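Note: the block below is my_file-v1.cif and it holds mmCIF, C-alpha atoms and all ligand atoms.
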data_target
loop_
_atom_site.label_atom_id
_atom_site.label_comp_id
_atom_site.auth_asym_id
_atom_site.auth_seq_id
_atom_site.Cartn_x
_atom_site.Cartn_y
_atom_site.Cartn_z
CA MET A 1 21.68 6.49 92.91
CA SER A 2 22.11 10.23 92.57
CA SER A 3 19.34 12.66 91.80
CA PRO A 4 19.36 16.43 91.33
CA PRO A 5 17.90 18.53 94.12
CA GLY A 6 14.17 19.00 93.68
CA ARG A 7 12.34 22.27 93.08
CA LYS A 8 11.31 22.64 96.73
CA GLU A 9 14.85 21.95 97.91
CA ARG A 10 16.25 24.58 95.54
CA GLY A 11 13.87 27.18 96.93
CA SER A 12 14.96 26.48 100.50
CA ILE A 13 18.65 26.58 99.52
CA LEU A 14 18.23 30.06 98.02
CA ALA A 15 16.19 31.34 100.96
CA ALA A 16 18.77 30.15 103.48
CA LYS A 17 21.62 31.60 101.41
CA GLU A 18 19.99 35.03 101.44
CA GLN A 19 19.68 34.87 105.21
CA THR A 20 23.29 34.11 106.07
CA GLY A 21 25.52 34.97 103.10
CA LYS A 22 27.74 32.07 104.24
CA ALA A 23 26.59 29.09 102.19
CA VAL A 24 29.04 26.19 102.24
CA LEU A 25 28.85 22.98 100.20
CA VAL A 26 30.32 20.12 102.25
CA VAL A 27 31.23 17.28 99.89
CA GLY A 28 31.61 14.03 101.84
CA GLY A 29 29.81 15.65 104.78
CA ALA A 30 28.31 12.35 106.00
CA GLY A 31 31.73 10.84 106.71
CA TYR A 32 33.85 10.94 109.85
CA ILE A 33 35.55 14.33 109.52
CA GLY A 34 32.87 15.81 107.24
CA SER A 35 30.08 15.21 109.76
CA HIS A 36 32.07 16.94 112.51
CA MET A 37 32.69 19.80 110.09
CA VAL A 38 28.97 20.21 109.42
CA LYS A 39 28.35 20.51 113.16
CA ALA A 40 31.13 23.11 113.52
CA LEU A 41 29.83 25.10 110.51
CA LEU A 42 26.26 25.10 111.84
CA GLU A 43 27.51 26.25 115.25
CA GLY A 44 29.47 29.00 113.44
CA GLY A 45 26.30 30.30 111.77
CA TYR A 46 27.04 28.87 108.32
CA ASP A 47 24.41 27.51 105.99
CA THR A 48 25.41 23.97 104.97
CA THR A 49 24.54 21.62 102.15
CA VAL A 50 26.02 18.13 102.33
CA PHE A 51 26.66 16.24 99.09
CA ASP A 52 27.57 12.61 99.76
CA ASN A 53 27.11 9.31 97.91
CA LEU A 54 26.85 7.43 101.26
CA ALA A 55 29.39 4.84 100.04
CA ALA A 56 31.24 5.30 103.33
CA GLY A 57 29.23 8.02 105.07
CA HIS A 58 26.12 7.77 107.24
CA ARG A 59 23.00 9.85 106.67
CA ASP A 60 22.29 10.00 110.43
CA ALA A 61 25.74 11.55 111.06
CA VAL A 62 24.60 14.75 109.32
CA LEU A 63 23.19 16.69 112.26
CA GLY A 64 21.64 19.58 110.34
CA GLY A 65 21.44 21.64 107.15
CA ARG A 66 20.46 20.18 103.80
CA PHE A 67 21.46 16.78 102.48
CA VAL A 68 21.74 15.80 98.82
CA GLN A 69 22.71 12.24 97.94
CA GLY A 70 24.91 12.13 94.88
CA ASP A 71 28.29 11.30 93.43
CA LEU A 72 31.09 13.55 92.18
CA ALA A 73 31.35 11.31 89.12
CA ASP A 74 27.90 12.58 88.04
CA THR A 75 28.60 16.00 86.53
CA ALA A 76 24.93 16.66 85.62
CA THR A 77 23.93 16.33 89.28
CA LEU A 78 26.86 18.52 90.28
CA ASP A 79 25.72 21.23 87.86
CA ALA A 80 22.17 21.10 89.23
CA LEU A 81 23.51 21.29 92.77
CA PHE A 82 25.69 24.33 92.06
CA ALA A 83 22.97 26.06 90.05
CA ALA A 84 20.54 25.68 92.96
CA GLY A 85 22.91 26.37 95.82
CA ARG A 86 24.86 29.52 94.88
CA PHE A 87 27.57 28.47 97.33
CA ASP A 88 30.18 30.86 98.69
CA ALA A 89 32.69 28.08 99.33
CA VAL A 90 33.22 24.34 99.10
CA MET A 91 34.86 21.90 101.50
CA ASN A 92 35.85 18.53 100.06
CA PHE A 93 36.09 15.55 102.44
CA ALA A 94 35.01 12.92 99.91
CA GLY A 95 37.40 10.17 98.95
CA SER A 96 38.92 6.83 99.81
CA ILE A 97 41.26 6.80 102.81
CA GLN A 98 43.00 3.46 103.25
CA VAL A 99 46.68 3.52 102.38
CA GLY A 100 46.96 -0.29 102.08
CA GLU A 101 43.88 -0.53 99.84
CA SER A 102 45.32 2.19 97.58
CA VAL A 103 48.30 -0.07 96.84
CA GLN A 104 45.96 -2.95 95.89
CA LYS A 105 43.44 -0.82 93.96
CA PRO A 106 45.22 2.28 92.58
CA GLY A 107 42.51 2.85 89.95
CA LEU A 108 39.88 3.25 92.67
CA TYR A 109 41.99 5.87 94.42
CA TYR A 110 42.90 7.85 91.30
CA ARG A 111 39.23 7.80 90.25
CA ASN A 112 37.70 8.67 93.63
CA ASN A 113 40.33 11.07 94.88
CA VAL A 114 41.74 12.66 91.71
CA ALA A 115 39.27 12.37 88.79
CA ASN A 116 36.21 13.08 90.97
CA THR A 117 37.93 16.06 92.60
CA LEU A 118 38.69 17.36 89.09
CA ASN A 119 34.94 17.15 88.35
CA LEU A 120 34.33 19.23 91.46
CA LEU A 121 36.94 21.86 90.53
CA GLU A 122 35.52 22.17 87.00
CA ALA A 123 31.99 22.56 88.38
CA MET A 124 33.24 25.27 90.75
CA VAL A 125 34.82 27.13 87.82
CA ARG A 126 31.65 26.77 85.70
CA HIS A 127 29.54 28.19 88.51
CA GLY A 128 31.94 30.89 89.71
CA VAL A 129 32.61 29.45 93.19
CA ARG A 130 36.19 30.43 94.02
CA HIS A 131 37.03 29.14 97.51
CA LEU A 132 37.82 25.52 98.39
CA VAL A 133 39.07 23.89 101.58
CA PHE A 134 40.64 20.57 100.60
CA SER A 135 41.39 17.53 102.79
CA SER A 136 44.99 16.67 102.05
CA THR A 137 47.21 14.37 104.08
CA ALA A 138 50.58 13.84 105.73
CA ALA A 139 50.91 10.93 103.29
CA ILE A 140 52.02 13.43 100.58
CA PHE A 141 55.40 13.65 102.35
CA GLY A 142 56.22 9.92 102.28
CA GLU A 143 59.06 8.65 104.47
CA PRO A 144 60.13 11.69 106.53
CA VAL A 145 63.65 13.05 106.09
CA ARG A 146 63.25 15.24 109.19
CA ILE A 147 60.87 15.52 112.16
CA PRO A 148 58.75 17.53 112.81
CA ILE A 149 57.38 17.84 109.27
CA ASP A 150 56.89 21.41 108.12
CA GLU A 151 55.38 22.71 104.87
CA GLU A 152 58.79 22.83 103.14
CA HIS A 153 59.45 19.13 103.75
CA PRO A 154 60.03 17.32 100.40
CA THR A 155 56.97 15.57 98.98
CA HIS A 156 57.77 11.99 97.92
CA PRO A 157 54.60 10.00 98.59
CA VAL A 158 55.12 6.25 98.74
CA ASN A 159 51.61 5.00 97.89
CA PRO A 160 48.77 5.84 95.46
CA TYR A 161 46.74 7.44 98.27
CA GLY A 162 49.47 10.01 98.98
CA ARG A 163 50.32 10.45 95.28
CA GLY A 164 46.67 11.15 94.42
CA LYS A 165 46.32 13.78 97.14
CA LEU A 166 49.56 15.43 95.96
CA MET A 167 48.24 15.43 92.36
CA VAL A 168 45.18 17.34 93.58
CA GLU A 169 47.42 19.85 95.35
CA HIS A 170 49.22 20.42 92.00
CA MET A 171 45.87 20.68 90.19
CA LEU A 172 44.77 23.31 92.70
CA ALA A 173 47.87 25.42 92.06
CA ASP A 174 47.12 25.27 88.31
CA PHE A 175 43.43 26.14 88.83
CA ASP A 176 44.46 29.12 90.97
CA HIS A 177 46.81 30.31 88.20
CA ALA A 178 44.33 29.78 85.36
CA HIS A 179 40.95 30.45 86.99
CA GLY A 180 41.61 32.29 90.26
CA LEU A 181 40.23 29.35 92.28
CA LYS A 182 41.71 29.87 95.77
CA SER A 183 42.23 26.88 98.01
CA ALA A 184 43.38 25.89 101.46
CA CYS A 185 45.12 22.49 101.42
CA LEU A 186 45.08 21.07 104.93
CA ARG A 187 47.47 18.14 105.39
CA TYR A 188 45.99 16.05 108.19
CA PHE A 189 48.16 13.91 110.38
CA ASN A 190 46.17 11.34 112.44
CA ALA A 191 42.60 12.57 112.85
CA ALA A 192 41.16 10.94 115.96
CA GLY A 193 38.56 11.28 118.72
CA ALA A 194 34.92 12.29 118.46
CA ASP A 195 32.67 15.23 119.13
CA PRO A 196 32.55 15.74 122.94
CA SER A 197 28.73 15.35 122.78
CA GLY A 198 29.19 11.68 121.81
CA LEU A 199 26.61 12.15 119.02
CA ILE A 200 29.02 11.60 116.14
CA GLY A 201 32.36 9.86 115.83
CA GLU A 202 34.50 7.50 113.77
CA ARG A 203 32.56 4.70 111.99
CA HIS A 204 34.67 3.16 109.25
CA GLU A 205 33.71 -0.20 107.77
CA PRO A 206 36.04 -1.99 107.86
CA GLU A 207 37.85 -0.20 110.67
CA THR A 208 41.63 -0.01 110.25
CA HIS A 209 42.59 2.82 112.61
CA LEU A 210 44.34 2.29 115.91
CA ILE A 211 42.11 4.08 118.45
CA PRO A 212 38.71 2.74 117.28
CA ILE A 213 40.16 -0.77 117.01
CA ALA A 214 41.50 -0.56 120.58
CA LEU A 215 38.06 0.66 121.73
CA GLU A 216 36.40 -2.27 119.96
CA VAL A 217 38.64 -4.55 122.04
CA ALA A 218 37.47 -2.73 125.18
CA LEU A 219 33.86 -3.31 124.10
CA GLY A 220 34.49 -7.03 123.57
CA LYS A 221 33.96 -6.82 119.79
CA ARG A 222 37.54 -8.03 119.24
CA GLY A 223 39.70 -10.29 121.38
CA HIS A 224 42.96 -8.37 121.05
CA LEU A 225 44.79 -5.54 119.33
CA SER A 226 47.54 -6.41 116.86
CA VAL A 227 50.56 -4.16 117.29
CA TYR A 228 52.16 -3.77 113.88
CA GLY A 229 55.81 -4.00 114.83
CA GLU A 230 57.73 -3.24 118.01
CA ASP A 231 61.20 -3.14 116.48
CA TYR A 232 61.08 0.44 115.20
CA ASP A 233 63.77 2.95 116.14
CA THR A 234 61.56 4.65 118.75
CA PRO A 235 61.81 4.63 122.58
CA ASP A 236 59.36 1.71 123.04
CA GLY A 237 59.82 0.19 119.57
CA THR A 238 56.30 1.03 118.31
CA CYS A 239 55.37 3.66 115.71
CA ILE A 240 54.83 7.26 116.75
CA ARG A 241 52.00 9.33 115.28
CA ASP A 242 50.60 12.83 115.75
CA TYR A 243 46.96 12.37 116.83
CA ILE A 244 44.82 15.46 116.34
CA HIS A 245 41.32 15.73 117.82
CA VAL A 246 38.72 15.84 115.05
CA SER A 247 37.03 18.87 116.65
CA ASP A 248 40.36 20.75 116.61
CA LEU A 249 40.80 19.74 112.98
CA CYS A 250 37.39 21.23 112.16
CA GLN A 251 38.16 24.47 114.00
CA ALA A 252 41.27 24.75 111.80
CA HIS A 253 39.02 24.35 108.72
CA LEU A 254 36.81 27.20 109.94
CA ARG A 255 39.90 29.38 110.38
CA ALA A 256 41.15 28.36 106.92
CA LEU A 257 37.80 29.25 105.36
CA GLU A 258 37.76 32.65 107.08
CA THR A 259 41.39 33.26 106.03
CA LEU A 260 40.57 32.37 102.40
CA ARG A 261 37.63 34.78 102.39
CA ARG A 262 39.65 37.56 104.02
CA THR A 263 42.89 37.29 102.03
CA ASP A 264 41.67 35.65 98.80
CA ARG A 265 45.01 33.81 98.66
CA SER A 266 45.68 30.07 98.45
CA LEU A 267 47.46 28.38 101.32
CA ALA A 268 48.69 24.95 102.42
CA VAL A 269 49.36 24.00 106.03
CA ASN A 270 50.13 20.88 108.04
CA LEU A 271 47.60 20.04 110.75
CA GLY A 272 48.70 18.08 113.78
CA ASN A 273 49.13 18.49 117.49
CA GLY A 274 52.88 18.79 117.13
CA GLN A 275 53.22 15.94 119.66
CA GLY A 276 53.88 12.29 118.96
CA PHE A 277 52.45 9.27 120.78
CA SER A 278 53.55 5.67 120.29
CA VAL A 279 51.16 2.77 119.73
CA ARG A 280 51.91 1.61 123.28
CA GLU A 281 51.14 5.08 124.69
CA VAL A 282 47.81 5.05 122.85
CA VAL A 283 47.03 1.61 124.28
CA ASP A 284 47.91 2.85 127.79
CA ALA A 285 45.52 5.80 127.34
CA VAL A 286 42.77 3.41 126.16
CA ARG A 287 43.40 1.20 129.21
CA ALA A 288 43.21 4.23 131.54
CA VAL A 289 40.01 5.59 129.99
CA THR A 290 38.10 2.32 129.58
CA GLY A 291 39.45 0.32 132.54
CA HIS A 292 39.89 -2.62 130.15
CA ALA A 293 43.14 -4.63 129.92
CA ILE A 294 43.35 -4.47 126.04
CA PRO A 295 45.28 -7.70 125.28
CA LEU A 296 47.98 -7.19 122.65
CA LYS A 297 49.51 -9.46 120.02
CA ILE A 298 52.78 -8.34 118.49
CA ASP A 299 52.44 -8.67 114.74
CA ALA A 300 54.66 -8.00 111.74
CA ARG A 301 55.23 -4.44 110.57
CA ARG A 302 52.51 -3.08 108.29
CA ALA A 303 53.90 -2.21 104.84
CA GLY A 304 54.50 1.49 104.30
CA ASP A 305 54.36 2.57 107.99
CA PRO A 306 57.05 5.18 108.75
CA ALA A 307 58.48 4.98 112.31
CA ARG A 308 57.48 8.56 113.17
CA LEU A 309 55.12 11.16 111.75
CA ILE A 310 54.89 14.41 113.69
CA ALA A 311 53.66 17.72 112.31
CA ASP A 312 55.26 21.09 112.71
CA SER A 313 52.03 23.05 113.15
CA THR A 314 53.71 26.47 113.48
CA ALA A 315 52.26 27.67 110.17
CA ALA A 316 48.70 26.67 111.16
CA ARG A 317 49.16 28.55 114.42
CA ASP A 318 50.77 31.65 112.82
CA HIS A 319 48.71 31.93 109.62
CA LEU A 320 45.35 30.66 110.85
CA GLY A 321 45.59 31.72 114.52
CA TRP A 322 44.65 28.15 115.38
CA ARG A 323 45.39 26.37 118.66
CA PRO A 324 44.25 22.83 119.50
CA GLN A 325 41.72 22.77 122.32
CA TYR A 326 42.20 19.04 123.06
CA PRO A 327 45.92 18.27 122.59
CA GLY A 328 45.97 15.48 125.21
CA LEU A 329 45.62 11.83 124.28
CA GLN A 330 43.24 11.15 127.20
CA ASP A 331 40.66 13.68 125.91
CA ILE A 332 40.89 12.24 122.39
CA VAL A 333 40.37 8.69 123.65
CA ARG A 334 37.69 9.68 126.20
CA HIS A 335 35.54 11.41 123.56
CA ALA A 336 35.94 8.47 121.16
CA TRP A 337 34.99 6.09 124.00
CA THR A 338 31.82 8.09 124.79
CA PHE A 339 30.78 7.76 121.15
CA HIS A 340 31.51 4.03 121.06
CA LEU A 341 29.56 3.46 124.28
CA ASN A 342 26.59 5.41 122.91
CA ARG A 343 26.57 3.22 119.79
CA ALA A 344 27.01 0.00 121.74
CA VAL A 345 23.93 0.60 123.91
CA PRO A 346 20.84 -0.22 121.81
CA HIS A 347 18.43 2.68 121.52
CA PRO A 348 15.14 1.87 123.37
CA LEU A 349 13.05 2.74 120.29
CA ALA A 350 15.19 0.48 118.11
CA GLN A 351 14.50 -2.40 120.54
CA ALA A 352 10.76 -1.76 120.50
CA ALA A 353 10.62 -1.67 116.69
N1 LIG B 401 48.32 0.19 114.26
C1 LIG B 401 48.52 -0.98 114.96
N2 LIG B 401 47.47 -1.86 115.00
C2 LIG B 401 46.27 -1.64 114.41
C3 LIG B 401 46.09 -0.43 113.70
C4 LIG B 401 47.14 0.47 113.64
O1 LIG B 401 49.59 -1.23 115.51
O2 LIG B 401 45.38 -2.51 114.48
C5 LIG B 401 49.42 1.17 114.22
C6 LIG B 401 49.88 1.48 112.79
O3 LIG B 401 50.88 0.57 112.40
C7 LIG B 401 50.41 2.91 112.97
C8 LIG B 401 49.53 3.51 114.07
O4 LIG B 401 48.94 2.39 114.74
O5 LIG B 401 51.74 2.88 113.44
C9 LIG B 401 48.41 4.38 113.53
O6 LIG B 401 47.75 3.66 112.49
P1 LIG B 401 46.38 4.16 111.84
O7 LIG B 401 45.96 3.10 110.87
O8 LIG B 401 45.42 4.54 112.92
O9 LIG B 401 46.78 5.50 111.08
P2 LIG B 401 47.92 5.75 109.98
O10 LIG B 401 49.02 6.50 110.66
O11 LIG B 401 48.30 4.53 109.27
O12 LIG B 401 47.14 6.62 108.88
C10 LIG B 401 46.68 7.93 109.08
C11 LIG B 401 45.42 8.16 108.26
C12 LIG B 401 45.72 8.03 106.79
C13 LIG B 401 46.81 8.99 106.43
C14 LIG B 401 48.00 8.81 107.32
C15 LIG B 401 48.96 9.92 107.06
O13 LIG B 401 44.44 7.23 108.63
O14 LIG B 401 44.56 8.33 106.05
O15 LIG B 401 47.63 8.86 108.69
O16 LIG B 401 50.20 9.56 107.44
F1 LIG B 401 47.24 8.79 105.17
#

Please go through the file and, once you have read it, give me the structure as structure tokens.
Amino acid sequence: MSSPPGRKERGSILAAKEQTGKAVLVVGGAGYIGSHMVKALLEGGYDTTVFDNLAAGHRDAVLGGRFVQGDLADTATLDALFAAGRFDAVMNFAGSIQVGESVQKPGLYYRNNVANTLNLLEAMVRHGVRHLVFSSTAAIFGEPVRIPIDEEHPTHPVNPYGRGKLMVEHMLADFDHAHGLKSACLRYFNAAGADPSGLIGERHEPETHLIPIALEVALGKRGHLSVYGEDYDTPDGTCIRDYIHVSDLCQAHLRALETLRRTDRSLAVNLGNGQGFSVREVVDAVRAVTGHAIPLKIDARRAGDPARLIADSTAARDHLGWRPQYPGLQDIVRHAWTFHLNRAVPHPLAQAA
């Protein structure tokens, strides 16, 4: 499945690198957040190379730069990639993301998210690339003991997904100590929304996330939305989450990358809006944006769902100078809806073919 970059590709990588001096390898750049990151990097004048095995990503979501299909498990391909690219920094979005699946298939999660990331770190050390922005998660904290969740909150993950991400954070501290590899660990809360252009957005198969599922109901692809529990200790009984617009998330990555380059010091920050919205509030926003009734069925609680997860994003604001541009739920839902509508309308050329 994976093949090393060809001779011609290597030449173009080097030429582009010499032009900008800002060459970034985006691992998992064909996925939901990775593809938005590539767009933000290109708009910021960076030179991008995406490395993705396309297990979950989509080639057509990569809007520019170079694309190399390959897998982090394949260290020979990784070596060829690094030798050709002479990257200044790496961003790693690759990995499996379903909490429930991680409980059923822990081996898959420890392999994809821990062992494969170790391959990446070792390749970075071998090739002298010293800056990494890493996609971590609020799931490293487990059941919250206080809200909002700041960086000092205890880390007691309650599933293999969260435990694997925390293991990588520990590995990164050790690689900094031993090899001077500096990293920015960004703990995402609920990434949501889509690029305002509507060109790229969230396309998971199967889809498990609240906002895209509610939009699929609005499109008639599903008959109803299951609400996983309405007996939580929250004002309306449904779970509260901190939804952060994917474009804001990517701007925070750009700031983290610039901060790493400027300070040459590792950092770890929580990334959320700092506001919580309940499942019912999300559904109301989807109703307002789409004009669709969104029928609900009240279902049992989903295992492992804490009642509330809200980030304290003070550190991201203070240390990265980051502010969310789209903190409102309506903007997040509206941009996701634009993307879903674009995908639902068949392209005229596709019909003709
Ligand atoms: N929910 C429903 N019905 C659905 C889908 C979700 O009621 O059909 C509820 C969930 O129970 C939860 C909320 O909507 O209360 C949000 O659920 P998501 O599945 O959209 O997101 P999660 O909060 O479960 O997970 C997200 C990321 C994970 C990450 C986690 C960190 O997707 O990768 O946040 O806490 F680990």

Next item on the list: Find the residues near region 320-330 of chain A: any atom within 10 Å, counting only C-alpha atoms, skip ones fewer than 3 places away on the same chain, and give them as a ChimeraX atom specification.
Entry: /A:192-193,242-249,251-260,269,271-277,281-282,284-286,288-289,313-317,333-336

Requested write-out: C-alpha atoms of the selected residues, as an mmCIF file, in the coordinates of the input:
data_model
loop_
_atom_site.group_PDB
_atom_site.id
_atom_site.type_symbol
_atom_site.label_atom_id
_atom_site.label_comp_id
_atom_site.auth_asym_id
_atom_site.auth_seq_id
_atom_site.Cartn_x
_atom_site.Cartn_y
_atom_site.Cartn_z
ATOM 1 C CA ALA A 192 41.160 10.940 115.960
ATOM 2 C CA GLY A 193 38.560 11.280 118.720
ATOM 3 C CA ASP A 242 50.600 12.830 115.750
ATOM 4 C CA TYR A 243 46.960 12.370 116.830
ATOM 5 C CA ILE A 244 44.820 15.460 116.340
ATOM 6 C CA HIS A 245 41.320 15.730 117.820
ATOM 7 C CA VAL A 246 38.720 15.840 115.050
ATOM 8 C CA SER A 247 37.030 18.870 116.650
ATOM 9 C CA ASP A 248 40.360 20.750 116.610
ATOM 10 C CA LEU A 249 40.800 19.740 112.980
ATOM 11 C CA GLN A 251 38.160 24.470 114.000
ATOM 12 C CA ALA A 252 41.270 24.750 111.800
ATOM 13 C CA HIS A 253 39.020 24.350 108.720
ATOM 14 C CA LEU A 254 36.810 27.200 109.940
ATOM 15 C CA ARG A 255 39.900 29.380 110.380
ATOM 16 C CA ALA A 256 41.150 28.360 106.920
ATOM 17 C CA LEU A 257 37.800 29.250 105.360
ATOM 18 C CA GLU A 258 37.760 32.650 107.080
ATOM 19 C CA THR A 259 41.390 33.260 106.030
ATOM 20 C CA LEU A 260 40.570 32.370 102.400
ATOM 21 C CA VAL A 269 49.360 24.000 106.030
ATOM 22 C CA LEU A 271 47.600 20.040 110.750
ATOM 23 C CA GLY A 272 48.700 18.080 113.780
ATOM 24 C CA ASN A 273 49.130 18.490 117.490
ATOM 25 C CA GLY A 274 52.880 18.790 117.130
ATOM 26 C CA GLN A 275 53.220 15.940 119.660
ATOM 27 C CA GLY A 276 53.880 12.290 118.960
ATOM 28 C CA PHE A 277 52.450 9.270 120.780
ATOM 29 C CA GLU A 281 51.140 5.080 124.690
ATOM 30 C CA VAL A 282 47.810 5.050 122.850
ATOM 31 C CA ASP A 284 47.910 2.850 127.790
ATOM 32 C CA ALA A 285 45.520 5.800 127.340
ATOM 33 C CA VAL A 286 42.770 3.410 126.160
ATOM 34 C CA ALA A 288 43.210 4.230 131.540
ATOM 35 C CA VAL A 289 40.010 5.590 129.990
ATOM 36 C CA SER A 313 52.030 23.050 113.150
ATOM 37 C CA THR A 314 53.710 26.470 113.480
ATOM 38 C CA ALA A 315 52.260 27.670 110.170
ATOM 39 C CA ALA A 316 48.700 26.670 111.160
ATOM 40 C CA ARG A 317 49.160 28.550 114.420
ATOM 41 C CA VAL A 333 40.370 8.690 123.650
ATOM 42 C CA ARG A 334 37.690 9.680 126.200
ATOM 43 C CA HIS A 335 35.540 11.410 123.560
ATOM 44 C CA ALA A 336 35.940 8.470 121.160
#

Next item on the list: Using all atoms listed in the file, pick whichever of A:Arg287, A:Arg261, A:His170, A:Lys165 has the shortest atom-to-atom distance to ligand LIG 401 (chain B).
Entry: A:Lys165

Notebook entry, point to check: Could you work out how far CA of Thr238 (chain A) lies from CA of Arg301 (chain A), giving the answer in Å with one decimal?
Noted result: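 We find that CA of Arg301 (chain A) and CA of Thr238 (chain A) lie 9.5 Å from each other.
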
Margin query: ligand LIG 401 (chain B): which residues are within 7 Å, counting all atoms listed in the file? Reply as JSON, numbers by chain.
Written below: {"A": [97, 98, 99, 137, 138, 139, 162, 188, 189, 190, 191, 208, 209, 210, 211, 213, 225, 226, 227, 228, 229, 238, 239, 240, 241, 279, 301, 302, 305, 309]}

Next item on the list: Kindly indicate which residue among A:Ile200, A:Leu72, A:Ala123, A:Ile298 lies nearest to His58 (chain A), using all atoms listed in the file for the distances.
Entry: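 Among the listed residues, the smallest separation from His58 (chain A) belongs to A:Ile200.
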
Next item on the list: Neighbourhood query: residues within 8 Å of (26.2, 11.8, 124.6), file coordinates, counting all atoms listed in the file; return as a count of residues only.
Entry: 7

Margin query: Using all atoms listed in the file, which protein or nucleic acid residues come within 8 Å of region 41-45 of chain A? Drop anything in the same chain fewer than 5 positions from it, and give the result as number ranges by chain.
Written below: A: 20, 22, 64-65, 254

Notebook entry, point to check: CA of Asn116 (chain A) and CA of Ala73 (chain A), how far apart in Å?
Noted result: 5.5 Å

Checklist line | Nearby residues (only C-alpha atoms) at most 9 Å from Gly100 (chain A), same-chain spacing under 2 positions excluded, as a count of residues only | finding: 10
